[in-house]
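Undergrad: So I've got this file, work18.cif, and it contains mmCIF, C-alpha atoms and all ligand atoms:
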```cif
data_data
#
loop_
_atom_site.label_atom_id
_atom_site.label_comp_id
_atom_site.auth_asym_id
_atom_site.auth_seq_id
_atom_site.Cartn_x
_atom_site.Cartn_y
_atom_site.Cartn_z
CA MET P 1 0.00 0.00 0.00
CA GLN P 2 0.98 3.64 -0.39
CA TYR P 3 1.65 5.27 2.97
CA THR P 4 0.92 8.88 3.84
CA ASN P 5 3.13 10.51 6.46
CA GLN P 6 0.24 10.38 8.91
CA GLN P 7 -0.17 6.64 8.34
CA ILE P 8 3.56 6.12 8.95
CA ALA P 9 3.47 8.24 12.09
CA ASP P 10 0.52 6.20 13.39
CA LEU P 11 2.59 2.99 13.26
CA VAL P 12 4.81 4.09 16.15
CA ARG P 13 3.39 4.99 19.56
CA ASP P 14 5.28 5.85 22.73
CA ASP P 15 5.00 2.30 24.06
CA CYS P 16 4.25 0.02 21.09
CA VAL P 17 4.60 -0.34 17.32
CA HIS P 18 2.30 -1.74 14.68
CA LYS P 19 3.39 -5.19 13.55
CA SER P 20 3.35 -4.19 9.86
CA VAL P 21 6.76 -2.53 10.40
CA TYR P 22 8.11 -6.09 10.40
CA THR P 23 5.89 -7.68 7.76
CA ASP P 24 4.88 -5.20 5.04
CA PRO P 25 7.14 -5.37 1.95
CA ASP P 26 6.06 -1.84 0.97
CA LEU P 27 7.36 -0.48 4.27
CA PHE P 28 10.58 -2.43 3.75
CA GLN P 29 11.00 -0.72 0.37
CA LEU P 30 10.36 2.67 1.99
CA GLU P 31 13.02 1.86 4.60
CA MET P 32 15.51 1.20 1.82
CA GLU P 33 14.83 4.71 0.48
CA ARG P 34 14.33 6.71 3.65
CA ILE P 35 16.73 5.02 6.08
CA TYR P 36 19.31 3.24 3.94
CA GLY P 37 19.09 5.95 1.27
CA HIS P 38 20.01 8.64 3.81
CA ALA P 39 21.85 7.42 6.88
CA TRP P 40 25.57 6.76 7.21
CA ILE P 41 25.88 3.00 6.73
CA TYR P 42 28.97 0.91 7.52
CA VAL P 43 30.53 -0.36 4.30
CA GLY P 44 33.60 -2.12 5.64
CA HIS P 45 36.93 -1.57 7.30
CA GLU P 46 39.89 0.01 5.53
CA SER P 47 41.95 -3.09 6.35
CA GLN P 48 39.75 -5.06 3.94
CA VAL P 49 41.31 -3.12 1.06
CA PRO P 50 44.93 -2.68 2.16
CA LYS P 51 46.59 -2.52 -1.28
CA VAL P 52 46.00 -0.26 -4.28
CA GLY P 53 43.38 -1.91 -6.51
CA ASP P 54 41.89 -4.02 -3.70
CA PHE P 55 38.11 -4.06 -3.73
CA TYR P 56 35.38 -5.32 -1.46
CA ALA P 57 31.87 -5.58 -2.92
CA THR P 58 29.02 -5.41 -0.44
CA ARG P 59 25.60 -3.84 0.03
CA ILE P 60 24.12 -0.70 1.52
CA GLY P 61 20.45 -1.47 1.97
CA ASP P 62 19.30 -2.72 -1.44
CA GLN P 63 22.26 -1.22 -3.31
CA ASP P 64 25.32 -3.14 -4.50
CA VAL P 65 28.45 -1.11 -3.87
CA ILE P 66 32.22 -1.51 -4.18
CA MET P 67 34.78 -0.22 -1.67
CA THR P 68 38.19 0.15 -3.25
CA ARG P 69 41.69 1.46 -2.48
CA ASP P 70 42.86 4.18 -4.87
CA ALA P 71 46.44 4.88 -5.99
CA ASP P 72 46.61 7.86 -3.59
CA GLN P 73 45.49 5.54 -0.73
CA THR P 74 41.99 7.07 -0.61
CA VAL P 75 39.20 4.59 0.01
CA ASN P 76 36.37 5.07 -2.51
CA VAL P 77 32.85 3.67 -2.52
CA MET P 78 31.00 3.39 -5.83
CA TYR P 79 27.84 1.69 -7.02
CA ASN P 80 28.60 -1.65 -8.65
CA ARG P 81 27.29 -0.62 -12.05
CA CYS P 82 28.86 0.00 -15.45
CA PRO P 83 27.45 3.18 -17.03
CA HIS P 84 27.29 1.54 -20.48
CA LYS P 85 24.53 -1.04 -20.10
CA GLY P 86 24.51 -1.44 -16.37
CA ALA P 87 26.54 -4.62 -15.87
CA GLN P 88 28.07 -5.14 -12.44
CA LEU P 89 31.79 -4.40 -12.66
CA VAL P 90 32.64 -7.14 -10.19
CA PRO P 91 30.51 -10.04 -8.99
CA ALA P 92 28.14 -9.11 -6.16
CA GLU P 93 29.76 -9.46 -2.73
CA SER P 94 33.12 -10.53 -4.11
CA GLU P 95 36.55 -9.27 -3.10
CA GLY P 96 39.97 -9.22 -4.71
CA ASN P 97 42.35 -6.95 -6.56
CA THR P 98 41.35 -5.34 -9.85
CA GLY P 99 44.81 -3.98 -10.70
CA ARG P 100 45.02 -0.33 -11.74
CA PHE P 101 41.48 -0.10 -13.11
CA PHE P 102 38.08 -1.78 -13.32
CA ARG P 103 37.31 -3.43 -16.65
CA CYS P 104 33.71 -4.25 -17.46
CA PRO P 105 33.23 -7.91 -18.43
CA TYR P 106 30.66 -7.01 -21.11
CA HIS P 107 32.22 -4.55 -23.62
CA ALA P 108 35.49 -3.69 -21.86
CA TRP P 109 34.86 -0.10 -20.83
CA THR P 110 37.42 0.67 -18.17
CA PHE P 111 37.31 2.91 -15.09
CA GLN P 112 39.82 4.39 -12.71
CA LEU P 113 39.82 3.29 -9.09
CA ASN P 114 37.75 6.36 -8.23
CA GLY P 115 35.16 5.40 -10.85
CA ALA P 116 36.14 7.98 -13.49
CA HIS P 117 35.85 6.80 -17.09
CA LEU P 118 39.20 5.65 -18.44
CA ALA P 119 38.61 4.21 -21.91
CA ALA P 120 36.15 2.48 -24.21
CA PRO P 121 37.26 0.33 -27.16
CA MET P 122 36.83 1.68 -30.69
CA ARG P 123 36.50 5.30 -29.60
CA ALA P 124 35.95 6.39 -33.22
CA GLY P 125 32.38 5.10 -33.08
CA PHE P 126 31.46 7.82 -30.61
CA GLU P 127 32.50 10.72 -32.84
CA GLY P 128 29.64 13.14 -33.41
CA THR P 129 27.62 11.73 -30.49
CA ASN P 130 27.04 13.11 -27.00
CA PHE P 131 29.44 10.56 -25.56
CA ASP P 132 31.89 12.43 -23.35
CA PRO P 133 34.26 10.39 -21.17
CA LYS P 134 34.74 13.43 -18.91
CA LYS P 135 31.04 13.58 -18.00
CA PRO P 136 30.11 11.82 -14.77
CA ASN P 137 27.39 9.92 -16.63
CA PHE P 138 30.09 7.85 -18.31
CA GLY P 139 31.91 6.91 -15.12
CA MET P 140 30.94 4.67 -12.22
CA ARG P 141 28.77 6.69 -9.85
CA ARG P 142 30.27 7.35 -6.44
CA LEU P 143 28.18 7.38 -3.31
CA ALA P 144 27.26 10.91 -2.29
CA ARG P 145 29.42 10.92 0.86
CA VAL P 146 32.13 8.61 2.17
CA GLU P 147 33.91 9.06 5.50
CA SER P 148 36.10 6.89 7.65
CA TYR P 149 36.22 6.93 11.44
CA ARG P 150 39.39 5.27 12.78
CA GLY P 151 39.42 2.94 9.76
CA PHE P 152 35.68 2.14 9.79
CA VAL P 153 34.32 3.27 6.43
CA PHE P 154 30.76 4.56 6.22
CA ALA P 155 28.89 5.90 3.20
CA SER P 156 25.72 7.91 2.80
CA GLN P 157 23.62 8.06 -0.33
CA ALA P 158 22.44 11.55 0.66
CA ALA P 159 24.47 14.61 -0.36
CA SER P 160 23.61 16.46 2.84
CA GLY P 161 23.06 15.55 6.48
CA PRO P 162 25.10 15.27 9.66
CA THR P 163 28.82 14.53 9.46
CA LEU P 164 29.78 10.94 10.31
CA THR P 165 31.22 12.14 13.63
CA ASP P 166 27.98 13.87 14.59
CA PHE P 167 25.92 10.93 13.36
CA LEU P 168 27.82 8.43 15.52
CA GLY P 169 27.52 10.77 18.53
CA GLY P 170 27.39 8.80 21.77
CA VAL P 171 28.57 5.51 20.28
CA ARG P 172 31.75 6.95 18.79
CA SER P 173 33.35 6.08 22.12
CA SER P 174 32.74 2.38 21.45
CA ILE P 175 34.74 2.52 18.22
CA ASP P 176 37.40 4.53 20.07
CA ASN P 177 37.60 1.96 22.84
CA MET P 178 37.91 -0.95 20.42
CA CYS P 179 40.79 0.80 18.63
CA ASP P 180 42.41 1.96 21.87
CA ARG P 181 42.58 -1.67 23.00
CA SER P 182 45.32 -1.98 20.38
CA PRO P 183 48.73 -0.73 21.57
CA GLU P 184 49.04 0.87 18.12
CA GLY P 185 45.55 2.37 18.23
CA GLU P 186 44.52 0.44 15.12
CA VAL P 187 42.51 -2.67 14.33
CA GLU P 188 42.19 -4.86 11.25
CA VAL P 189 39.64 -7.40 10.05
CA ALA P 190 41.17 -10.86 10.24
CA GLY P 191 40.27 -14.52 10.18
CA GLY P 192 37.44 -14.41 7.64
CA ILE P 193 33.82 -13.36 8.06
CA PHE P 194 30.99 -15.56 9.36
CA LYS P 195 27.69 -15.04 7.57
CA VAL P 196 24.42 -16.02 9.22
CA LEU P 197 21.08 -15.86 7.41
CA GLN P 198 18.17 -14.91 9.66
CA PRO P 199 14.58 -15.61 8.61
CA SER P 200 13.26 -12.41 10.18
CA ASN P 201 13.03 -8.68 9.67
CA TRP P 202 16.27 -6.72 10.22
CA LYS P 203 14.91 -4.59 13.06
CA VAL P 204 14.31 -7.58 15.34
CA PHE P 205 18.06 -8.12 15.57
CA TYR P 206 18.69 -4.54 16.73
CA GLU P 207 15.95 -4.79 19.35
CA ASN P 208 17.34 -8.05 20.69
CA LEU P 209 20.84 -6.61 21.15
CA HIS P 210 19.74 -4.82 24.35
CA ASP P 211 16.88 -7.12 25.28
CA THR P 212 18.02 -8.27 28.69
CA MET P 213 14.70 -9.94 29.51
CA HIS P 214 15.18 -12.72 26.97
CA ALA P 215 18.62 -14.03 27.98
CA ARG P 216 17.57 -16.17 30.92
CA VAL P 217 14.61 -17.62 29.04
CA THR P 218 15.69 -18.07 25.42
CA HIS P 219 19.19 -19.29 26.24
CA GLU P 220 18.28 -21.73 28.97
CA SER P 221 19.53 -24.75 27.04
CA SER P 222 22.99 -23.29 26.40
CA TYR P 223 23.65 -21.83 29.86
CA SER P 224 22.33 -24.89 31.67
CA SER P 225 24.55 -27.13 29.51
CA ALA P 226 27.52 -24.87 30.30
CA ARG P 227 26.78 -25.18 34.02
CA GLU P 228 26.52 -28.96 33.79
CA GLN P 229 29.83 -29.09 31.96
CA ALA P 230 31.49 -26.84 34.54
CA LYS P 231 30.35 -29.18 37.30
CA ILE P 232 32.00 -32.10 35.52
CA LEU P 233 35.21 -30.13 34.97
CA GLY P 234 35.24 -28.70 38.47
CA GLU P 235 35.87 -25.21 37.05
CA MET P 236 34.27 -22.63 34.76
CA PRO P 237 36.66 -21.82 31.90
CA LEU P 238 36.01 -18.67 29.84
CA GLU P 239 34.33 -20.66 27.05
CA LEU P 240 31.65 -21.82 29.49
CA HIS P 241 31.55 -18.57 31.46
CA ILE P 242 30.51 -16.72 28.28
CA MET P 243 27.49 -19.00 27.89
CA ASP P 244 26.78 -19.05 31.61
CA GLY P 245 26.34 -15.25 31.64
CA ASN P 246 22.93 -15.50 29.96
CA GLY P 247 21.62 -17.39 32.98
CA GLU P 248 22.05 -14.48 35.40
CA PRO P 249 18.89 -13.73 37.42
CA TYR P 250 16.65 -10.76 36.60
CA THR P 251 18.16 -8.84 39.52
CA PHE P 252 21.52 -8.90 37.69
CA TRP P 253 20.09 -7.50 34.44
CA GLU P 254 18.09 -4.86 36.30
CA LYS P 255 21.30 -3.18 37.46
CA LEU P 256 22.82 -2.73 33.98
CA ALA P 257 22.75 0.68 32.32
CA LEU P 258 21.26 0.96 28.84
CA CYS P 259 22.24 4.15 27.02
CA ALA P 260 20.32 5.41 24.00
CA PHE P 261 21.28 8.15 21.57
CA ASP P 262 19.96 9.97 18.53
CA TYR P 263 19.60 8.10 15.24
CA GLY P 264 18.65 4.89 17.10
CA HIS P 265 22.14 4.16 18.47
CA GLY P 266 23.05 2.98 21.95
CA TYR P 267 25.20 0.77 24.11
CA MET P 268 24.83 -1.53 27.04
CA GLU P 269 27.02 -1.88 30.06
CA GLY P 270 29.27 -4.97 30.01
CA ILE P 271 28.05 -8.32 31.26
CA PHE P 272 31.50 -9.65 32.06
CA ASN P 273 35.16 -8.95 31.54
CA PRO P 274 37.09 -11.68 29.78
CA GLY P 275 39.45 -12.04 32.71
CA ALA P 276 41.09 -10.24 35.60
CA ILE P 277 44.30 -8.44 34.68
CA GLU P 278 46.10 -9.87 37.71
CA THR P 279 45.10 -13.52 37.35
CA ASP P 280 44.21 -14.23 33.72
CA PRO P 281 47.36 -14.69 31.59
CA VAL P 282 45.78 -13.40 28.33
CA SER P 283 44.34 -10.30 30.00
CA HIS P 284 47.60 -9.72 31.83
CA ALA P 285 49.68 -9.90 28.63
CA HIS P 286 47.20 -7.60 26.90
CA PHE P 287 47.36 -5.14 29.79
CA GLU P 288 51.18 -5.14 29.75
CA SER P 289 51.20 -4.39 26.02
CA LEU P 290 48.92 -1.40 26.67
CA VAL P 291 51.02 -0.20 29.62
CA ALA P 292 54.07 -0.22 27.35
CA ALA P 293 52.22 1.88 24.78
CA TYR P 294 50.15 4.26 26.92
CA GLY P 295 51.24 4.00 30.53
CA ARG P 296 49.51 2.28 33.41
CA GLU P 297 46.73 4.77 34.12
CA LYS P 298 45.48 4.94 30.54
CA ALA P 299 45.84 1.17 30.11
CA LEU P 300 43.61 0.65 33.16
CA ALA P 301 41.06 3.12 31.81
CA ILE P 302 40.99 1.42 28.39
CA LEU P 303 40.46 -2.11 29.73
CA GLY P 304 38.15 -0.79 32.44
CA GLU P 305 35.66 0.41 29.84
CA ASN P 306 33.44 -2.63 29.94
CA ARG P 307 30.67 -2.61 27.34
CA HIS P 308 28.48 -5.33 25.92
CA ASN P 309 26.70 -4.78 22.57
CA THR P 310 26.84 -1.35 20.96
CA ILE P 311 24.17 -0.45 18.41
CA ILE P 312 24.95 1.64 15.35
CA TYR P 313 21.43 1.67 13.97
CA GLY P 314 21.29 0.64 10.31
CA SER P 315 24.86 -0.66 10.30
CA GLY P 316 25.23 -3.26 13.03
CA SER P 317 26.79 -3.93 16.39
CA PRO P 318 30.42 -3.53 17.45
CA HIS P 319 31.49 -5.44 20.56
CA THR P 320 34.49 -3.70 22.04
CA VAL P 321 35.61 -6.29 24.61
CA PHE P 322 35.74 -9.15 22.10
CA GLN P 323 36.68 -6.85 19.19
CA GLN P 324 34.03 -7.73 16.64
CA PHE P 325 31.49 -5.98 14.43
CA ARG P 326 28.29 -7.78 13.55
CA VAL P 327 27.20 -6.13 10.31
CA ILE P 328 23.48 -6.31 9.61
CA ARG P 329 22.40 -6.40 5.97
CA PRO P 330 18.62 -6.37 5.35
CA LEU P 331 17.73 -8.62 2.40
CA THR P 332 13.93 -8.69 2.25
CA VAL P 333 11.14 -7.81 4.67
CA ASN P 334 11.57 -11.22 6.31
CA SER P 335 15.22 -12.09 5.78
CA THR P 336 18.44 -10.54 7.04
CA ARG P 337 22.07 -11.48 6.81
CA VAL P 338 24.46 -10.87 9.68
CA GLU P 339 28.17 -10.79 8.88
CA ILE P 340 30.50 -11.21 11.81
CA GLN P 341 33.84 -9.46 11.41
CA VAL P 342 36.49 -10.21 14.02
CA PHE P 343 39.28 -7.68 14.50
CA LYS P 344 42.92 -8.09 15.37
CA LEU P 345 44.21 -5.43 17.74
CA LYS P 346 47.47 -4.39 16.11
CA GLY P 347 50.40 -4.91 18.45
CA ALA P 348 48.40 -6.91 21.04
CA PRO P 349 49.32 -10.52 21.90
CA ASP P 350 47.94 -13.15 19.49
CA GLU P 351 45.97 -14.75 22.32
CA VAL P 352 43.70 -11.71 22.45
CA PHE P 353 42.73 -12.28 18.82
CA LYS P 354 42.23 -16.00 19.46
CA ARG P 355 39.90 -15.10 22.31
CA GLY P 356 37.90 -12.87 19.95
CA LEU P 357 37.64 -15.74 17.46
CA MET P 358 36.56 -18.07 20.23
CA TYR P 359 33.79 -15.65 21.25
CA ALA P 360 32.58 -15.30 17.65
CA ASN P 361 32.60 -19.08 17.23
CA LEU P 362 30.72 -19.72 20.44
CA ILE P 363 28.22 -16.90 20.37
CA ASN P 364 27.70 -15.71 16.79
CA SER P 365 28.80 -18.26 14.21
CA PRO P 366 26.50 -20.59 12.26
CA SER P 367 27.68 -23.40 14.57
CA SER P 368 27.28 -21.34 17.76
CA ASN P 369 25.58 -22.85 20.80
CA VAL P 370 23.81 -19.58 21.52
CA MET P 371 22.82 -17.93 18.23
CA PRO P 372 20.32 -20.65 17.17
CA ASP P 373 18.26 -19.83 20.28
CA ASP P 374 17.91 -16.25 19.09
CA LEU P 375 17.27 -17.20 15.47
CA GLU P 376 14.41 -19.40 16.56
CA VAL P 377 12.64 -16.66 18.51
CA TYR P 378 13.28 -14.01 15.83
CA ASN P 379 11.62 -16.30 13.31
CA ARG P 380 8.74 -16.98 15.67
CA CYS P 381 8.19 -13.22 16.03
CA GLN P 382 8.18 -12.94 12.24
CA LEU P 383 5.69 -15.79 11.79
CA GLY P 384 3.50 -14.75 14.73
CA ASN P 385 3.27 -11.21 13.44
CA GLU P 386 2.18 -12.51 10.05
CA THR P 387 -0.97 -14.01 11.62
CA ASN P 388 -4.22 -12.20 12.37
CA GLY P 389 -3.67 -12.76 16.09
CA GLY P 390 -3.13 -9.11 17.02
CA ASP P 391 -1.74 -5.88 15.59
CA TRP P 392 0.58 -4.26 18.13
CA VAL P 393 4.00 -5.12 19.53
CA SER P 394 4.53 -4.04 23.13
CA GLN P 395 7.41 -1.85 24.31
CA HIS P 396 5.78 -0.91 27.59
CA ARG P 397 8.47 -2.01 30.05
CA TYR P 398 9.56 1.15 31.94
CA ALA P 399 7.99 3.37 29.25
CA GLY P 400 7.80 6.98 30.34
CA THR P 401 10.60 6.70 32.89
CA ASP P 402 13.67 7.10 30.66
CA LYS P 403 16.12 9.69 31.97
CA THR P 404 17.82 12.34 29.86
CA ILE P 405 21.62 12.45 29.89
CA PRO P 406 23.94 14.68 27.83
CA GLY P 407 23.46 13.60 24.21
CA GLY P 408 20.87 10.92 24.92
CA MET P 409 18.89 8.92 27.43
CA VAL P 410 19.60 6.24 29.99
CA SER P 411 17.27 3.57 31.36
CA VAL P 412 16.13 3.65 34.97
CA ASN P 413 16.38 -0.14 34.98
CA GLY P 414 18.44 -2.56 32.86
CA THR P 415 15.35 -4.48 31.81
CA SER P 416 13.81 -1.36 30.28
CA GLU P 417 12.61 -1.41 26.68
CA LEU P 418 14.15 2.03 26.19
CA PRO P 419 16.47 0.77 23.39
CA MET P 420 13.49 -0.41 21.31
CA ARG P 421 11.55 2.79 21.91
CA ASN P 422 14.62 4.81 20.98
CA GLN P 423 15.14 2.83 17.78
CA PHE P 424 11.56 3.40 16.68
CA ARG P 425 11.78 7.08 17.55
CA ALA P 426 14.63 7.27 15.03
CA TRP P 427 12.79 4.96 12.59
CA LYS P 428 9.80 7.30 12.59
CA GLN P 429 12.03 10.35 12.11
CA TYR P 430 13.79 8.73 9.16
CA MET P 431 10.55 7.53 7.61
CA LEU P 432 9.00 10.99 7.90
CA GLY P 433 12.11 12.66 6.45
CA GLN P 434 12.86 14.50 9.70
CA ILE P 435 16.48 13.29 9.99
S1 LIG T 501 27.96 -2.97 -19.98
FE1 LIG T 501 29.91 -2.40 -19.32
S2 LIG T 501 31.01 -2.05 -21.13
FE2 LIG T 501 29.03 -2.58 -21.80
FE FE T 502 20.10 -13.81 22.78
#
```
Please, can you express the file's structure as structure tokens?

TA:
Amino acid sequence: MQYTNQQIADLVRDDCVHKSVYTDPDLFQLEMERIYGHAWIYVGHESQVPKVGDFYATRIGDQDVIMTRDADQTVNVMYNRCPHKGAQLVPAESEGNTGRFFRCPYHAWTFQLNGAHLAAPMRAGFEGTNFDPKKPNFGMRRLARVESYRGFVFASQAASGPTLTDFLGGVRSSIDNMCDRSPEGEVEVAGGIFKVLQPSNWKVFYENLHDTMHARVTHESSYSSAREQAKILGEMPLELHIMDGNGEPYTFWEKLALCAFDYGHGYMEGIFNPGAIETDPVSHAHFESLVAAYGREKALAILGENRHNTIIYGSGSPHTVFQQFRVIRPLTVNSTRVEIQVFKLKGAPDEVFKRGLMYANLINSPSSNVMPDDLEVYNRCQLGNETNGGDWVSQHRYAGTDKTIPGGMVSVNGTSELPMRNQFRAWKQYMLGQI
């Protein structure tokens, strides 16, 4: 159906949303235009294109794009489309090195690494026509704006809007903390990327990232198995401790702070630290590497910043403590792909990276013990909302009690549904063209 602004506004109330935001393909298409067509969206990390000519093809919303490293080291982002007849320059979602230029596989038009037209065979045939290689129409189109924050490359399809720094606002500190955990202040994607297909709308994933009320219920099988195993072993190694955390009682989750910022972003206070600096050998070695680089006080402050999931709405979820970025790519109204990038902290001991890989394997990968629990309930939400059994999705928990803090809001209780309400506040603003 065609939506008027009033009809869109009516879908989001202060304490609930209409279920069609998850199920209507027409709304999904509007989201591609009004959210993904405007917001800064994470494309990839600069380390994915380290050498001149490297490219990484991915998606922003429903658009195929290419991130590439130019001869002057600039990172460019262009649409994956040849201006001749529209062929994709490189296969969708591929990566590699194109050399000094892109060459279309159809009629061999070539393009510089910034998308500018380079050459077309048999140039004589264009004499007397409007063909002009200098005109942008004959080059690959670049995205309107591209900016990088500490190596994390974002692009916006809108020519105007907030700067990337302003857009990230309160969650910039999560990217800072992940990078600061490297003694060199830099991170790089390493070890491949897990891809998990989710049979549910993309927004469900964002809501679940700070949904503390589900952990104890949905993950009962994995945390109870971890506890059984620990009993047998007579100890609780980190691998089991990570799964055990979901079984904390409600009183534990109630104490956590949930911070929410403009544009739907937010972060959640950490559930656990990987290990004590004094007693855990990996944490100790990591700490010492940071002390050598920054001094003791700063090293303590960096590792003391304990955050669980951060939400960059529309892009995905960095996790600073286990140095990963779960990138969320909407596919259709009821399917979403999550790509899990794990980062190496440059200059940190190898064991820290191995611990990050272990976390991704255990918690996020297709063979994870935990992720299938979530996938099941996401899909059940999708299927339940497709029935005629009711029209509204509740976000009532602690509604009306959220407290204002500089640059955002904080929950009065860690089980609050503030993050969901905040996401839909931004969703409505995007969909009405207000941000
Ligand atoms: S479609 Fe690319 S050169 Fe013809
Ligand atoms: Fe979960």

Undergrad: Enumerate residues in contact with ligand FE 502 (chain T): an atom-to-atom distance of at most 10 Å, counting all atoms listed in the file. Format the result as a ChimeraX atom specification.

TA: /P:205,208-219,246,363-364,370-375,377-378

Undergrad: Give me the residues within 6 Å of range 77-90 of chain P as a PDB file with C-alpha atoms, in the frame of the given file, counting all atoms listed in the file and dropping any in the same chain fewer than 2 places off.

TA:
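Now in out-v1.pdb:
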```pdb
ATOM      1  CA  ASP P  64      25.320  -3.140  -4.500  1.00  0.00           C
ATOM      2  CA  VAL P  65      28.450  -1.110  -3.870  1.00  0.00           C
ATOM      3  CA  ILE P  66      32.220  -1.510  -4.180  1.00  0.00           C
ATOM      4  CA  MET P  67      34.780  -0.220  -1.670  1.00  0.00           C
ATOM      5  CA  CYS P 104      33.710  -4.250 -17.460  1.00  0.00           C
ATOM      6  CA  PHE P 138      30.090   7.850 -18.310  1.00  0.00           C
ATOM      7  CA  ARG P 141      28.770   6.690  -9.850  1.00  0.00           C
ATOM      8  CA  ARG P 142      30.270   7.350  -6.440  1.00  0.00           C
ATOM      9  CA  LEU P 143      28.180   7.380  -3.310  1.00  0.00           C
TER      10      LEU P 143
END
```

Undergrad: Could you state the separation of CA of Ser394 in chain P and CA of Asp15 in chain P in Å, given to one decimal place?

TA: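 Answer for the CA of Ser394 in chain P to CA of Asp15 in chain P separation: 6.4 Å.
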
Undergrad: So what do you get for CA of Asn369 in chain P versus CA of Val342 in chain P, distance-wise?

TA: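 Computing it gives 18.0 Å between the two atoms.
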
Undergrad: What's the separation between CA of His284 in chain P and CA of Arg296 in chain P, in Å to one decimal place?

TA: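 Distance between the two atoms: 12.3 Å.
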
Undergrad: Out of P:Pro237, P:Pro50, P:Gly139, P:Gly433, which residue has the shortest atom-to-atom distance to ligand LIG 501 (chain T) when counting all atoms listed in the file?

TA: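 Looking at the shortest contact to ligand LIG 501 (chain T), the residue is P:Gly139.
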
Undergrad: Which one is closest to Gly266 in chain P: P:Val410, P:Leu357, P:Leu240, P:Val393? Count only C-alpha atoms.

TA: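 Of the candidates, the smallest distance to Gly266 in chain P is held by P:Val410.
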
Undergrad: Between P:Cys179, P:Ala230, P:Ile435, P:Ile277, single out the one closest to Gln324 in chain P, counting only C-alpha atoms.

TA: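 So, comparing all the options, the nearest one is P:Cys179.
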
Undergrad: Find the spatial neighbours of Ala9 in chain P, counting all atoms listed in the file, within a cut-off of 12 Å - ignore same-chain residues fewer than 3 positions away - and output them as JSON, numbers by chain.

TA: {"P": [3, 4, 5, 6, 12, 13, 14, 17, 18, 21, 424, 425, 426, 427, 428, 429, 430, 431, 432, 433, 434]}

Undergrad: Residues at most 12 Å from Glu33 in chain P, counting only C-alpha atoms, excluding those fewer than 3 positions away in the same chain, as a ChimeraX atom specification?

TA: /P:26-30,36-39,60-63,156-158,430-433

Undergrad: Nearest to Asn306 in chain P: which of P:Ser173, P:Asn379, P:Val196, P:Tyr359 is it, counting all atoms listed in the file?

TA: P:Ser173

Undergrad: Counting all atoms listed in the file, which residue out of P:Asn388, P:Asn413, P:Ser283, P:Ser368 sits closest to Arg181 in chain P?

TA: P:Ser283

Undergrad: Measuring between all atoms listed in the file, which one of P:Tyr22, P:Trp109, P:Phe287, P:Tyr56 shows the shortest distance to ligand LIG 501 (chain T)?

TA: P:Trp109

Undergrad: Please write as JSON, numbers by chain the list of polymer residues whose atoms come within 12 Å of (43.1, 1.3, 20.4), counting only C-alpha atoms and keeping to the coordinates of the file.

TA: {"P": [150, 151, 173, 174, 175, 176, 177, 178, 179, 180, 181, 182, 183, 184, 185, 186, 187, 188, 286, 289, 290, 293, 294, 298, 299, 301, 302, 303, 320, 321, 323, 343, 344, 345, 346, 347, 348]}

Undergrad: Can you sort out the box for range 385-390 of chain P, edges along x, y and z, all listed atoms in, 3 Å on every side, with centre and edge lengths in Å to one decimal, as JSON?

TA:
```
{"center_x": -0.5, "center_y": -11.6, "center_z": 13.5, "size_x": 13.5, "size_y": 10.9, "size_z": 13.0}
```

Undergrad: Render range 117-126 of chain P from the structure in the preceding block as a file of N, CA and C atoms, as an mmCIF file, in the first residue's frame.

TA:
```cif
data_model
loop_
_atom_site.group_PDB
_atom_site.id
_atom_site.type_symbol
_atom_site.label_atom_id
_atom_site.label_comp_id
_atom_site.auth_asym_id
_atom_site.auth_seq_id
_atom_site.Cartn_x
_atom_site.Cartn_y
_atom_site.Cartn_z
ATOM 1 N N HIS P 117 35.707 7.546 -15.826
ATOM 2 C CA HIS P 117 35.846 6.802 -17.086
ATOM 3 C C HIS P 117 37.299 6.859 -17.564
ATOM 4 N N LEU P 118 37.811 5.701 -17.972
ATOM 5 C CA LEU P 118 39.197 5.649 -18.441
ATOM 6 C C LEU P 118 39.234 5.468 -19.957
ATOM 7 N N ALA P 119 38.569 4.459 -20.455
ATOM 8 C CA ALA P 119 38.610 4.211 -21.908
ATOM 9 C C ALA P 119 37.465 3.308 -22.312
ATOM 10 N N ALA P 120 37.108 3.418 -23.609
ATOM 11 C CA ALA P 120 36.148 2.477 -24.205
ATOM 12 C C ALA P 120 36.746 2.044 -25.537
ATOM 13 N N PRO P 121 36.659 0.776 -25.895
ATOM 14 C CA PRO P 121 37.258 0.330 -27.158
ATOM 15 C C PRO P 121 36.601 1.025 -28.353
ATOM 16 N N MET P 122 37.362 1.140 -29.441
ATOM 17 C CA MET P 122 36.835 1.677 -30.692
ATOM 18 C C MET P 122 36.222 3.066 -30.498
ATOM 19 N N ARG P 123 36.999 3.977 -29.961
ATOM 20 C CA ARG P 123 36.504 5.301 -29.603
ATOM 21 C C ARG P 123 35.928 6.042 -30.817
ATOM 22 N N ALA P 124 36.400 5.685 -32.021
ATOM 23 C CA ALA P 124 35.952 6.393 -33.224
ATOM 24 C C ALA P 124 34.437 6.330 -33.395
ATOM 25 N N GLY P 125 33.828 5.263 -32.920
ATOM 26 C CA GLY P 125 32.378 5.097 -33.077
ATOM 27 C C GLY P 125 31.563 6.129 -32.327
ATOM 28 N N PHE P 126 32.208 6.835 -31.401
ATOM 29 C CA PHE P 126 31.464 7.824 -30.605
ATOM 30 C C PHE P 126 31.541 9.231 -31.204
#
```
